[in-house]
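S.K.: Dropping in protein_37.json, with JSON, C-alpha atoms.
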[["chain", "number", "residue", "atom", "x", "y", "z"],
["P", 24, "MET", "CA", 22.55, -4.48, 8.35],
["P", 25, "LYS", "CA", 20.85, -6.63, 5.72],
["P", 26, "GLU", "CA", 18.38, -7.98, 8.27],
["P", 27, "SER", "CA", 16.69, -4.56, 8.35],
["P", 28, "LEU", "CA", 15.74, -4.51, 4.64],
["P", 29, "PHE", "CA", 11.99, -4.08, 4.18],
["P", 30, "TYR", "CA", 10.04, -3.84, 0.93],
["P", 31, "GLY", "CA", 7.20, -1.55, -0.05],
["P", 32, "LYS", "CA", 3.69, -2.86, -0.75],
["P", 33, "ILE", "CA", 0.91, -2.48, -3.31],
["P", 34, "LEU", "CA", -2.78, -2.70, -2.51],
["P", 35, "LEU", "CA", -3.94, -4.46, -5.67],
["P", 36, "PHE", "CA", -7.62, -4.45, -4.76],
["P", 37, "GLY", "CA", -9.81, -3.03, -2.02],
["P", 38, "GLU", "CA", -9.02, 0.69, -2.03],
["P", 39, "TYR", "CA", -11.76, 2.49, -0.06],
["P", 40, "GLY", "CA", -14.09, -0.51, -0.35],
["P", 41, "VAL", "CA", -12.16, -2.25, 2.44],
["P", 42, "ILE", "CA", -13.46, 0.47, 4.78],
["P", 43, "GLU", "CA", -16.98, -0.80, 4.01],
["P", 44, "ASP", "CA", -15.95, -4.47, 4.40],
["P", 45, "SER", "CA", -15.09, -5.37, 0.81],
["P", 46, "MET", "CA", -12.25, -7.83, 0.37],
["P", 47, "ALA", "CA", -8.74, -6.51, -0.21],
["P", 48, "LEU", "CA", -5.48, -7.97, -1.50],
["P", 49, "SER", "CA", -2.10, -6.42, -0.75],
["P", 50, "ILE", "CA", 1.27, -7.72, -1.96],
["P", 51, "PRO", "CA", 4.93, -6.87, -1.19],
["P", 52, "PHE", "CA", 6.60, -4.70, -3.83],
["P", 53, "GLU", "CA", 10.31, -5.46, -4.05],
["P", 54, "ASN", "CA", 11.16, -2.62, -6.46],
["P", 55, "PHE", "CA", 11.29, -0.31, -3.43],
["P", 56, "ASN", "CA", 12.81, -0.94, -0.03],
["P", 57, "GLY", "CA", 14.18, 0.69, 3.09],
["P", 58, "GLN", "CA", 16.83, -0.24, 5.65],
["P", 59, "PHE", "CA", 18.76, 1.16, 8.60],
["P", 60, "ILE", "CA", 22.24, 2.51, 7.86],
["P", 61, "TYR", "CA", 24.78, 4.53, 9.85],
["P", 62, "TYR", "CA", 26.31, 6.74, 7.18],
["P", 63, "SER", "CA", 25.31, 8.68, 4.09],
["P", 64, "ASP", "CA", 27.28, 11.00, 1.81],
["P", 65, "ASP", "CA", 24.18, 13.20, 1.65],
["P", 66, "GLU", "CA", 24.55, 15.30, 4.81],
["P", 67, "THR", "CA", 21.12, 16.95, 4.44],
["P", 68, "PHE", "CA", 19.39, 13.58, 4.13],
["P", 69, "ALA", "CA", 21.42, 12.16, 7.05],
["P", 70, "LYS", "CA", 20.46, 15.03, 9.32],
["P", 71, "GLU", "CA", 16.77, 14.92, 8.37],
["P", 72, "SER", "CA", 16.46, 11.13, 8.59],
["P", 73, "ASN", "CA", 18.19, 10.97, 11.96],
["P", 74, "GLN", "CA", 15.92, 13.77, 13.25],
["P", 75, "HIS", "CA", 12.81, 11.93, 11.98],
["P", 76, "LEU", "CA", 13.89, 8.83, 13.91],
["P", 77, "LEU", "CA", 14.47, 10.95, 17.02],
["P", 78, "ASN", "CA", 11.00, 12.49, 16.66],
["P", 79, "TYR", "CA", 9.47, 9.03, 16.37],
["P", 80, "TYR", "CA", 11.46, 7.80, 19.39],
["P", 81, "GLU", "CA", 10.04, 10.71, 21.40],
["P", 82, "HIS", "CA", 6.55, 9.73, 20.24],
["P", 83, "LEU", "CA", 7.13, 6.18, 21.52],
["P", 84, "VAL", "CA", 8.37, 7.57, 24.86],
["P", 85, "GLU", "CA", 5.16, 9.62, 25.11],
["P", 86, "LEU", "CA", 3.05, 6.53, 24.36],
["P", 87, "THR", "CA", 4.95, 4.66, 27.07],
["P", 88, "SER", "CA", 4.28, 7.40, 29.61],
["P", 89, "LYS", "CA", 0.56, 7.17, 28.83],
["P", 90, "GLY", "CA", 0.59, 3.36, 29.01],
["P", 91, "GLU", "CA", -0.42, 3.23, 25.34],
["P", 92, "LEU", "CA", 2.59, 1.52, 23.76],
["P", 93, "PRO", "CA", 1.07, -1.55, 22.04],
["P", 94, "CYS", "CA", 4.12, -3.80, 22.54],
["P", 95, "GLU", "CA", 7.40, -3.86, 24.46],
["P", 96, "ILE", "CA", 10.11, -1.93, 22.63],
["P", 97, "ASP", "CA", 13.75, -1.56, 23.67],
["P", 98, "LEU", "CA", 13.68, 2.23, 23.65],
["P", 99, "ASP", "CA", 17.15, 2.52, 25.23],
["P", 100, "SER", "CA", 18.75, 0.63, 22.34],
["P", 101, "PHE", "CA", 16.69, 2.60, 19.81],
["P", 102, "LYS", "CA", 17.87, 5.90, 21.33],
["P", 103, "ALA", "CA", 21.50, 4.71, 21.52],
["P", 104, "ASP", "CA", 21.48, 3.83, 17.81],
["P", 105, "ILE", "CA", 19.92, 7.20, 16.94],
["P", 106, "ASP", "CA", 22.67, 8.91, 18.96],
["P", 107, "ARG", "CA", 25.22, 6.90, 16.94],
["P", 108, "GLY", "CA", 23.78, 8.48, 13.79],
["P", 109, "MET", "CA", 21.40, 5.78, 12.56],
["P", 110, "LEU", "CA", 19.31, 6.64, 9.46],
["P", 111, "PHE", "CA", 16.51, 4.94, 7.55],
["P", 112, "ASP", "CA", 17.63, 4.81, 3.93],
["P", 113, "SER", "CA", 14.52, 4.26, 1.80],
["P", 114, "SER", "CA", 13.83, 4.20, -1.94],
["P", 115, "ILE", "CA", 10.07, 4.04, -1.23],
["P", 116, "PRO", "CA", 8.54, 7.34, -2.39],
["P", 117, "GLN", "CA", 6.43, 9.15, 0.19],
["P", 118, "GLY", "CA", 2.81, 9.91, -0.72],
["P", 119, "TYR", "CA", 2.69, 7.28, -3.49],
["P", 120, "GLY", "CA", 0.69, 4.65, -1.63],
["P", 121, "VAL", "CA", 3.45, 2.04, -1.64],
["P", 122, "GLY", "CA", 4.26, 1.79, 2.06],
["P", 123, "SER", "CA", 6.97, 4.30, 2.98],
["P", 124, "SER", "CA", 5.91, 4.66, 6.64],
["P", 125, "GLY", "CA", 4.88, 0.98, 6.74],
["P", 126, "ALA", "CA", 8.43, -0.16, 5.96],
["P", 127, "LEU", "CA", 9.89, 2.10, 8.65],
["P", 128, "VAL", "CA", 7.45, 0.86, 11.31],
["P", 129, "ALA", "CA", 8.11, -2.76, 10.31],
["P", 130, "ALA", "CA", 11.88, -2.19, 10.53],
["P", 131, "ILE", "CA", 11.64, -0.60, 13.99],
["P", 132, "TYR", "CA", 9.40, -3.39, 15.29],
["P", 133, "ASP", "CA", 11.71, -6.05, 13.86],
["P", 134, "LYS", "CA", 14.87, -4.53, 15.34],
["P", 135, "TYR", "CA", 13.66, -3.25, 18.71],
["P", 136, "ALA", "CA", 10.47, -5.06, 19.77],
["P", 137, "LEU", "CA", 10.91, -7.43, 22.71],
["P", 138, "ASN", "CA", 9.06, -10.77, 22.56],
["P", 139, "LYS", "CA", 8.14, -9.92, 18.97],
["P", 140, "ILE", "CA", 5.95, -12.09, 16.78],
["P", 141, "ASP", "CA", 8.38, -13.82, 14.40],
["P", 142, "SER", "CA", 7.63, -12.98, 10.76],
["P", 143, "LYS", "CA", 8.99, -16.35, 9.60],
["P", 144, "HIS", "CA", 6.72, -18.45, 11.82],
["P", 145, "ILE", "CA", 3.45, -16.62, 11.52],
["P", 146, "GLU", "CA", 0.10, -18.19, 12.28],
["P", 147, "ASN", "CA", -3.13, -16.63, 11.09],
["P", 148, "GLY", "CA", -4.14, -16.03, 14.69],
["P", 149, "ASN", "CA", -1.16, -13.72, 15.11],
["P", 150, "ILE", "CA", -1.87, -11.67, 11.98],
["P", 151, "LEU", "CA", -4.71, -9.71, 13.60],
["P", 152, "LYS", "CA", -2.60, -9.09, 16.71],
["P", 153, "LEU", "CA", 0.29, -7.81, 14.58],
["P", 154, "LYS", "CA", -2.07, -5.66, 12.52],
["P", 155, "SER", "CA", -3.38, -4.05, 15.73],
["P", 156, "ILE", "CA", 0.14, -3.37, 17.03],
["P", 157, "PHE", "CA", 1.23, -1.87, 13.72],
["P", 158, "GLY", "CA", -1.91, 0.26, 13.51],
["P", 159, "LYS", "CA", -1.02, 1.97, 16.78],
["P", 160, "LEU", "CA", 2.64, 2.34, 15.84],
["P", 161, "GLU", "CA", 1.91, 3.80, 12.37],
["P", 162, "SER", "CA", -0.86, 6.18, 13.48],
["P", 163, "TYR", "CA", 1.91, 8.71, 14.23],
["P", 164, "PHE", "CA", 2.32, 9.24, 10.48],
["P", 165, "HIS", "CA", -1.32, 9.40, 9.31],
["P", 166, "GLY", "CA", -3.43, 10.26, 12.34],
["P", 167, "THR", "CA", -5.04, 6.84, 12.08],
["P", 168, "SER", "CA", -3.78, 3.59, 10.55],
["P", 169, "SER", "CA", -5.24, 0.16, 9.84],
["P", 170, "GLY", "CA", -1.79, -1.37, 10.39],
["P", 171, "LEU", "CA", -2.06, -3.18, 7.06],
["P", 172, "ASP", "CA", 0.91, -1.50, 5.35],
["P", 173, "PRO", "CA", 3.48, -2.31, 8.07],
["P", 174, "LEU", "CA", 2.00, -5.81, 8.30],
["P", 175, "ILE", "CA", 2.68, -6.48, 4.59],
["P", 176, "CYS", "CA", 6.15, -4.94, 4.83],
["P", 177, "TYR", "CA", 7.00, -6.99, 7.93],
["P", 178, "LEU", "CA", 5.69, -10.37, 6.78],
["P", 179, "ARG", "CA", 6.89, -9.95, 3.16],
["P", 180, "LEU", "CA", 3.82, -11.99, 2.20],
["P", 181, "PRO", "CA", 0.67, -11.26, 0.18],
["P", 182, "ILE", "CA", -2.26, -10.75, 2.56],
["P", 183, "LEU", "CA", -5.92, -11.33, 1.72],
["P", 184, "ILE", "CA", -8.35, -9.31, 3.83],
["P", 185, "LYS", "CA", -11.65, -11.16, 3.83],
["P", 186, "SER", "CA", -13.26, -8.89, 6.44],
["P", 187, "LYS", "CA", -12.21, -6.59, 9.28],
["P", 188, "SER", "CA", -11.64, -9.61, 11.52],
["P", 189, "GLU", "CA", -10.42, -12.18, 8.98],
["P", 190, "LEU", "CA", -7.00, -11.95, 7.35],
["P", 191, "GLU", "CA", -4.77, -14.65, 5.91],
["P", 192, "SER", "CA", -1.56, -14.98, 3.95],
["P", 193, "VAL", "CA", -2.11, -16.29, 0.42],
["P", 194, "GLY", "CA", -0.04, -17.58, -2.46],
["P", 195, "ILE", "CA", 0.15, -15.54, -5.66],
["P", 196, "PRO", "CA", 0.05, -17.51, -8.95],
["P", 197, "ALA", "CA", 3.46, -17.83, -10.60],
["P", 198, "GLN", "CA", 4.19, -15.47, -13.47],
["P", 199, "GLY", "CA", 5.11, -16.60, -16.96],
["P", 200, "GLU", "CA", 5.78, -14.77, -20.20],
["P", 201, "GLU", "CA", 2.12, -14.05, -20.85],
["P", 202, "LYS", "CA", 0.99, -11.09, -22.97],
["P", 203, "GLY", "CA", -1.30, -9.69, -20.30],
["P", 204, "GLY", "CA", -0.21, -7.99, -17.12],
["P", 205, "ILE", "CA", -0.53, -5.43, -14.36],
["P", 206, "PHE", "CA", 1.47, -2.21, -14.47],
["P", 207, "LEU", "CA", 2.03, 1.03, -12.60],
["P", 208, "LEU", "CA", 1.75, 4.53, -14.03],
["P", 209, "ASN", "CA", 3.71, 7.20, -12.21],
["P", 210, "THR", "CA", 1.67, 10.42, -12.02],
["P", 211, "GLY", "CA", 4.63, 12.37, -10.68],
["P", 212, "GLN", "CA", 2.33, 13.88, -8.06],
["P", 213, "VAL", "CA", 2.28, 13.25, -4.32],
["P", 214, "GLY", "CA", -1.08, 12.03, -3.02],
["P", 215, "LYS", "CA", -2.47, 13.10, 0.35],
["P", 216, "THR", "CA", -4.33, 10.23, 1.97],
["P", 217, "GLN", "CA", -6.10, 11.92, 4.88],
["P", 218, "PRO", "CA", -8.31, 14.46, 3.01],
["P", 219, "LEU", "CA", -9.32, 11.86, 0.40],
["P", 220, "VAL", "CA", -10.34, 9.33, 3.07],
["P", 221, "GLU", "CA", -12.31, 12.10, 4.81],
["P", 222, "HIS", "CA", -14.07, 12.87, 1.50],
["P", 223, "PHE", "CA", -14.91, 9.19, 1.07],
["P", 224, "MET", "CA", -16.32, 8.95, 4.59],
["P", 225, "GLU", "CA", -18.51, 11.99, 3.94],
["P", 226, "ARG", "CA", -19.83, 10.43, 0.74],
["P", 227, "CYS", "CA", -20.62, 7.23, 2.64],
["P", 228, "LYS", "CA", -23.20, 9.21, 4.62],
["P", 229, "GLU", "CA", -25.21, 9.38, 1.37],
["P", 230, "ASP", "CA", -27.50, 6.37, 0.97],
["P", 231, "GLY", "CA", -26.97, 6.07, -2.79],
["P", 232, "PHE", "CA", -23.19, 6.19, -2.60],
["P", 233, "ARG", "CA", -22.97, 3.77, 0.32],
["P", 234, "ASN", "CA", -25.31, 1.35, -1.44],
["P", 235, "MET", "CA", -23.15, 1.53, -4.58],
["P", 236, "ILE", "CA", -20.07, 0.58, -2.53],
["P", 237, "LYS", "CA", -21.81, -2.32, -0.80],
["P", 238, "THR", "CA", -23.27, -3.72, -4.03],
["P", 239, "GLN", "CA", -21.54, -2.71, -7.29],
["P", 240, "PHE", "CA", -18.05, -1.93, -6.00],
["P", 241, "LYS", "CA", -17.90, -4.90, -3.62],
["P", 242, "LYS", "CA", -19.23, -7.28, -6.31],
["P", 243, "TYR", "CA", -16.58, -6.44, -8.91],
["P", 244, "ASN", "CA", -13.78, -5.89, -6.41],
["P", 245, "ASP", "CA", -14.24, -9.28, -4.74],
["P", 246, "ALA", "CA", -14.68, -11.03, -8.11],
["P", 247, "SER", "CA", -11.43, -9.41, -9.35],
["P", 248, "ILE", "CA", -9.55, -10.82, -6.34],
["P", 249, "SER", "CA", -10.96, -14.32, -6.91],
["P", 250, "ALA", "CA", -10.05, -14.17, -10.61],
["P", 251, "PHE", "CA", -6.53, -12.94, -9.86],
["P", 252, "LEU", "CA", -5.84, -15.66, -7.29],
["P", 253, "THR", "CA", -7.07, -18.38, -9.70],
["P", 254, "LYS", "CA", -5.21, -16.77, -12.62],
["P", 255, "ASP", "CA", -8.40, -16.37, -14.66],
["P", 256, "GLY", "CA", -7.23, -13.51, -16.85],
["P", 257, "LYS", "CA", -10.45, -13.15, -18.84],
["P", 258, "SER", "CA", -12.62, -12.84, -15.72],
["P", 259, "LEU", "CA", -10.06, -10.55, -14.08],
["P", 260, "LEU", "CA", -10.10, -8.07, -16.97],
["P", 261, "SER", "CA", -13.89, -8.13, -17.25],
["P", 262, "ASN", "CA", -14.33, -7.33, -13.56],
["P", 263, "VAL", "CA", -11.55, -4.74, -13.50],
["P", 264, "LYS", "CA", -13.21, -2.95, -16.44],
["P", 265, "HIS", "CA", -16.38, -2.63, -14.35],
["P", 266, "LEU", "CA", -14.29, -1.38, -11.41],
["P", 267, "SER", "CA", -12.55, 1.16, -13.64],
["P", 268, "LYS", "CA", -15.92, 2.56, -14.77],
["P", 269, "ILE", "CA", -17.21, 2.75, -11.19],
["P", 270, "VAL", "CA", -14.10, 4.58, -9.97],
["P", 271, "LEU", "CA", -14.21, 7.07, -12.85],
["P", 272, "GLU", "CA", -17.87, 7.81, -12.16],
["P", 273, "HIS", "CA", -17.86, 7.91, -8.36],
["P", 274, "PHE", "CA", -14.25, 8.63, -7.28],
["P", 275, "LYS", "CA", -13.28, 11.54, -9.55],
["P", 276, "PRO", "CA", -11.56, 13.58, -6.77],
["P", 277, "MET", "CA", -9.17, 10.64, -6.27],
["P", 278, "ILE", "CA", -8.08, 10.67, -9.94],
["P", 279, "PRO", "CA", -5.63, 13.43, -10.94],
["P", 280, "ASN", "CA", -7.27, 15.67, -13.57],
["P", 281, "LEU", "CA", -4.62, 14.91, -16.19],
["P", 282, "TYR", "CA", -5.45, 11.20, -16.01],
["P", 283, "GLN", "CA", -9.24, 11.26, -16.23],
["P", 284, "GLU", "CA", -9.28, 11.40, -20.03],
["P", 285, "LEU", "CA", -6.62, 8.66, -20.18],
["P", 286, "TRP", "CA", -8.79, 6.60, -17.83],
["P", 287, "GLN", "CA", -11.81, 6.90, -20.15],
["P", 288, "GLU", "CA", -9.68, 6.14, -23.22],
["P", 289, "GLY", "CA", -8.66, 2.81, -21.71],
["P", 290, "ILE", "CA", -12.28, 1.83, -21.13],
["P", 291, "ASN", "CA", -13.31, 2.91, -24.65],
["P", 292, "SER", "CA", -10.45, 1.16, -26.44],
["P", 293, "ASN", "CA", -10.17, -1.90, -24.16],
["P", 294, "ALA", "CA", -6.40, -1.50, -24.50],
["P", 295, "TYR", "CA", -6.02, -1.18, -20.71],
["P", 296, "TYR", "CA", -8.10, -0.46, -17.60],
["P", 297, "LEU", "CA", -6.95, 1.86, -14.84],
["P", 298, "LYS", "CA", -7.76, 1.77, -11.14],
["P", 299, "LEU", "CA", -6.59, 3.48, -7.97],
["P", 300, "CYS", "CA", -3.44, 2.28, -6.23],
["P", 301, "GLY", "CA", -4.29, 2.97, -2.61],
["P", 302, "SER", "CA", -6.08, 6.24, -1.84],
["P", 303, "GLY", "CA", -5.21, 7.96, -5.14],
["P", 304, "GLY", "CA", -4.88, 11.71, -5.58],
["P", 305, "GLY", "CA", -1.46, 11.20, -7.14],
["P", 306, "GLY", "CA", 1.31, 8.67, -6.62],
["P", 307, "PHE", "CA", 0.86, 5.56, -8.72],
["P", 308, "ILE", "CA", -2.14, 4.39, -10.75],
["P", 309, "LEU", "CA", -2.63, 0.66, -11.37],
["P", 310, "GLY", "CA", -3.25, -0.62, -14.88],
["P", 311, "PHE", "CA", -4.49, -3.97, -16.19],
["P", 312, "THR", "CA", -4.25, -5.16, -19.80],
["P", 313, "GLU", "CA", -4.57, -8.31, -21.91],
["P", 314, "ASP", "CA", -1.76, -7.07, -24.16],
["P", 315, "LEU", "CA", 1.15, -5.24, -22.52],
["P", 316, "GLU", "CA", 2.74, -4.23, -25.83],
["P", 317, "LYS", "CA", -0.52, -2.67, -27.03],
["P", 318, "ALA", "CA", -0.87, -0.82, -23.71],
["P", 319, "LYS", "CA", 2.74, 0.41, -23.91],
["P", 320, "THR", "CA", 2.05, 1.86, -27.36],
["P", 321, "LYS", "CA", -1.07, 3.63, -26.10],
["P", 322, "LEU", "CA", 0.75, 4.93, -23.02],
["P", 323, "LYS", "CA", 4.10, 5.72, -24.66],
["P", 324, "ASP", "CA", 4.12, 9.24, -23.20],
["P", 325, "TYR", "CA", 3.83, 7.97, -19.63],
["P", 326, "GLN", "CA", 6.15, 6.17, -17.21],
["P", 327, "MET", "CA", 4.82, 2.60, -17.19],
["P", 328, "ASP", "CA", 6.36, -0.22, -15.12],
["P", 329, "VAL", "CA", 5.15, -3.82, -15.43],
["P", 330, "ILE", "CA", 4.76, -5.48, -12.01],
["P", 331, "TYR", "CA", 3.02, -8.78, -12.85],
["P", 332, "ARG", "CA", 2.21, -10.88, -15.94],
["P", 333, "PHE", "CA", -0.83, -13.07, -16.39]]
What do you get writing this file as structure tokens?
M.R.:
Amino acid sequence: MKESLFYGKILLFGEYGVIEDSMALSIPFENFNGQFIYYSDDETFAKESNQHLLNYYEHLVELTSKGELPCEIDLDSFKADIDRGMLFDSSIPQGYGVGSSGALVAAIYDKYALNKIDSKHIENGNILKLKSIFGKLESYFHGTSSGLDPLICYLRLPILIKSKSELESVGIPAQGEEKGGIFLLNTGQVGKTQPLVEHFMERCKEDGFRNMIKTQFKKYNDASISAFLTKDGKSLLSNVKHLSKIVLEHFKPMIPNLYQELWQEGINSNAYYLKLCGSGGGGFILGFTEDLEKAKTKLKDYQMDVIYRF
């Protein structure tokens, strides 16, 4: 069932700021993926995964009865495959901000949606429609969903969010053997998105905080995206350093306590700069550096995985 293989995603830029109309850039992350299978040696996993699919099927049936299903889905085929023992085998860790539920929703849409929008012949006009469909389908997992994660997983393309109503697929500059790069740090903790987003929304009711997001955060976030897409490493690192400072000052609840000192050390030493990967609170932390070997030495006690070189 190779056709059902879907990758995770990484939101490189735009965490939280995208809620207040900053730009955002999300890319597929091929290190993790999920696919439908019909057998697993792990009986506990098989039982739980099959039950999760059944629960989601029942959710779709309920949406159908309310007239709220956002697209036509072959529910009979979906149920028949569940009854045959279908599972969703995923290496994408849950609560790490890398698209675990997004990949599942994308896989279900791809396999069972009728008159689906073809991921290989996408036009920008269809991206917003797909995003809306996926938002409704993924809301089961998070209460609410922008639909962005399943969109990235389904299209397998980097997506630039210019505003709430303007999205487009973009090309990412080719990697070389450069010294600088972007990496992930694994905190080993599961992040909980909903309470952190609620905290952010409460803070946005404060004039000072909201103004900071619309001016400082947006300025450096959008400049970081432009620098990344034009492969201007010097400008990228300069802007990310500003972002790292802003996040450490204003988003402390989103940074696990054990990593706040490490965060400050990166800013002080200029060896690396850390930023949130998604909503934070655990999961992965993103890092940027002009010298990966120097950063690896500084972070030798942590699990560090290079995801892009510039």
S.K.: Could you name the residues that touch segment 32-38 of chain P at 6 Å or less, counting all atoms listed in the file, but leaving out those on the same chain fewer than 2 positions away, as a list of chain:residue names?
M.R.: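 Within the cut-off, the hits are P:Gly40, P:Val41, P:Met46, P:Ala47, P:Leu48, P:Ser49, P:Ile50, P:Pro51, P:Phe52, P:Val121, P:Gly122, P:Gly301.
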S.K.: Next, dump the selected residues to file, keeping only C-alpha atoms, as a PDB file, in the frame of the given file.
M.R.:
ATOM      1  CA  GLY P  40     -14.090  -0.510  -0.350  1.00  0.00           C
ATOM      2  CA  VAL P  41     -12.160  -2.250   2.440  1.00  0.00           C
ATOM      3  CA  MET P  46     -12.250  -7.830   0.370  1.00  0.00           C
ATOM      4  CA  ALA P  47      -8.740  -6.510  -0.210  1.00  0.00           C
ATOM      5  CA  LEU P  48      -5.480  -7.970  -1.500  1.00  0.00           C
ATOM      6  CA  SER P  49      -2.100  -6.420  -0.750  1.00  0.00           C
ATOM      7  CA  ILE P  50       1.270  -7.720  -1.960  1.00  0.00           C
ATOM      8  CA  PRO P  51       4.930  -6.870  -1.190  1.00  0.00           C
ATOM      9  CA  PHE P  52       6.600  -4.700  -3.830  1.00  0.00           C
ATOM     10  CA  VAL P 121       3.450   2.040  -1.640  1.00  0.00           C
ATOM     11  CA  GLY P 122       4.260   1.790   2.060  1.00  0.00           C
ATOM     12  CA  GLY P 301      -4.290   2.970  -2.610  1.00  0.00           C
TER      13      GLY P 301
END
S.K.: What's the separation between atom CA of Met277 of chain P and atom CA of Phe206 of chain P, in Å to one decimal place?
M.R.: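 Atom-to-atom, atom CA of Met277 of chain P and atom CA of Phe206 of chain P are spaced 18.6 Å apart.
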S.K.: Of the candidates P:Lys241, P:Lys185, P:Lys139, P:His75, which shows the shortest atom-to-atom distance to Phe164 of chain P, using only C-alpha atoms?
M.R.: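 Closest to Phe164 of chain P, using only C-alpha atoms: P:His75.
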S.K.: Restricting the calculation to all atoms listed in the file, which member of P:Lys298, P:Asn56, P:Glu71, P:Leu160 is positioned closest to Glu91 of chain P?
M.R.: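 Of P:Lys298, P:Asn56, P:Glu71, P:Leu160, the one nearest Glu91 of chain P is P:Leu160, counting all atoms listed in the file.
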S.K.: Excluding Leu297 of chain P and any residue of its chain fewer than 2 positions from it, enumerate the residues within 8 Å of it, using only C-alpha atoms, and give them as a VMD selection string.
M.R.: chain P and resid 267 286 289 295 299 308 to 311
S.K.: Mind checking which residues fall within 10 Å of Gly199 of chain P, counting only C-alpha atoms, ignoring those fewer than 6 positions away in the same chain, and posting them as an mmCIF file with C-alpha atoms, keeping the file's coordinate frame?
M.R.:
data_model
loop_
_atom_site.group_PDB
_atom_site.id
_atom_site.type_symbol
_atom_site.label_atom_id
_atom_site.label_comp_id
_atom_site.auth_asym_id
_atom_site.auth_seq_id
_atom_site.Cartn_x
_atom_site.Cartn_y
_atom_site.Cartn_z
ATOM 1 C CA TYR P 331 3.020 -8.780 -12.850
ATOM 2 C CA ARG P 332 2.210 -10.880 -15.940
ATOM 3 C CA PHE P 333 -0.830 -13.070 -16.390
#
S.K.: List as a PyMOL selection string the protein and nucleic acid residues near Arg179 of chain P, meaning an atom at most 10 Å away when all atoms listed in the file are counted, but skip any in the same chain fewer than 4 places from it.
M.R.: chain P and resi 29-32+50-53+142-143+173-175+192
S.K.: Pick out the residues sitting within 8 Å of Gln58 of chain P, and hand them over as number ranges by chain; count all atoms listed in the file, and ignore anything fewer than 3 positions along from it in its own chain.
M.R.: P: 24-25, 27-29, 111-113, 127, 130
S.K.: From the set P:His273, P:His165, P:Lys102, P:Lys202, which residue has the shortest atom-to-atom contact distance to Cys227 of chain P, counting only C-alpha atoms?
M.R.: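 Under the stated criterion, the closest residue is P:His273.
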S.K.: Between P:Val220, P:Ile131, P:Ile278, P:Ala126, which residue has the minimum interatomic distance to Gly166 of chain P, considering all atoms listed in the file?
M.R.: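 Residue with the minimum atom-to-atom distance to Gly166 of chain P: P:Val220.
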S.K.: Considering all atoms listed in the file, state which residue in the set P:Lys323, P:Gly90, P:Ser114, P:Gly303 is at the smallest distance from Val213 of chain P.
M.R.: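 Comparing P:Lys323, P:Gly90, P:Ser114, P:Gly303 against Val213 of chain P, the winner is P:Gly303.
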S.K.: Calculated over all atoms listed in the file, which of the candidates P:Lys154, P:Lys254, P:Lys228, P:Lys321 has the smallest distance to Ser169 of chain P?
M.R.: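 Closest candidate: P:Lys154.
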S.K.: In Å, how far is it from atom CA of Lys237 of chain P to atom CA of Leu281 of chain P?
M.R.: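 That distance, rounded to one decimal, is 28.8 Å.
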S.K.: What is the distance, in Å and to one decimal place, between atom CA of Arg107 of chain P and atom CA of Lys134 of chain P?
M.R.: 15.5 Å
S.K.: Using only the atoms of segment 164-168 of chain P listed in the file, plus 6 Å on each side, state the axis-aligned box centre and edge lengths in Å rounded to one decimal, as AutoDock Vina command-line options.
M.R.:
--center_x -1.4 --center_y 6.9 --center_z 10.8 --size_x 19.4 --size_y 18.7 --size_z 15.0
S.K.: Compute the distance from (-8.2, 13.2, 2.5) to each atom, counting only C-alpha atoms, keep the residues with any atom at most 12 Å away, and return them as a ChimeraX atom specification; use the coordinates of the file.
M.R.: /P:39,118,165-167,214-225,276-277,302-305
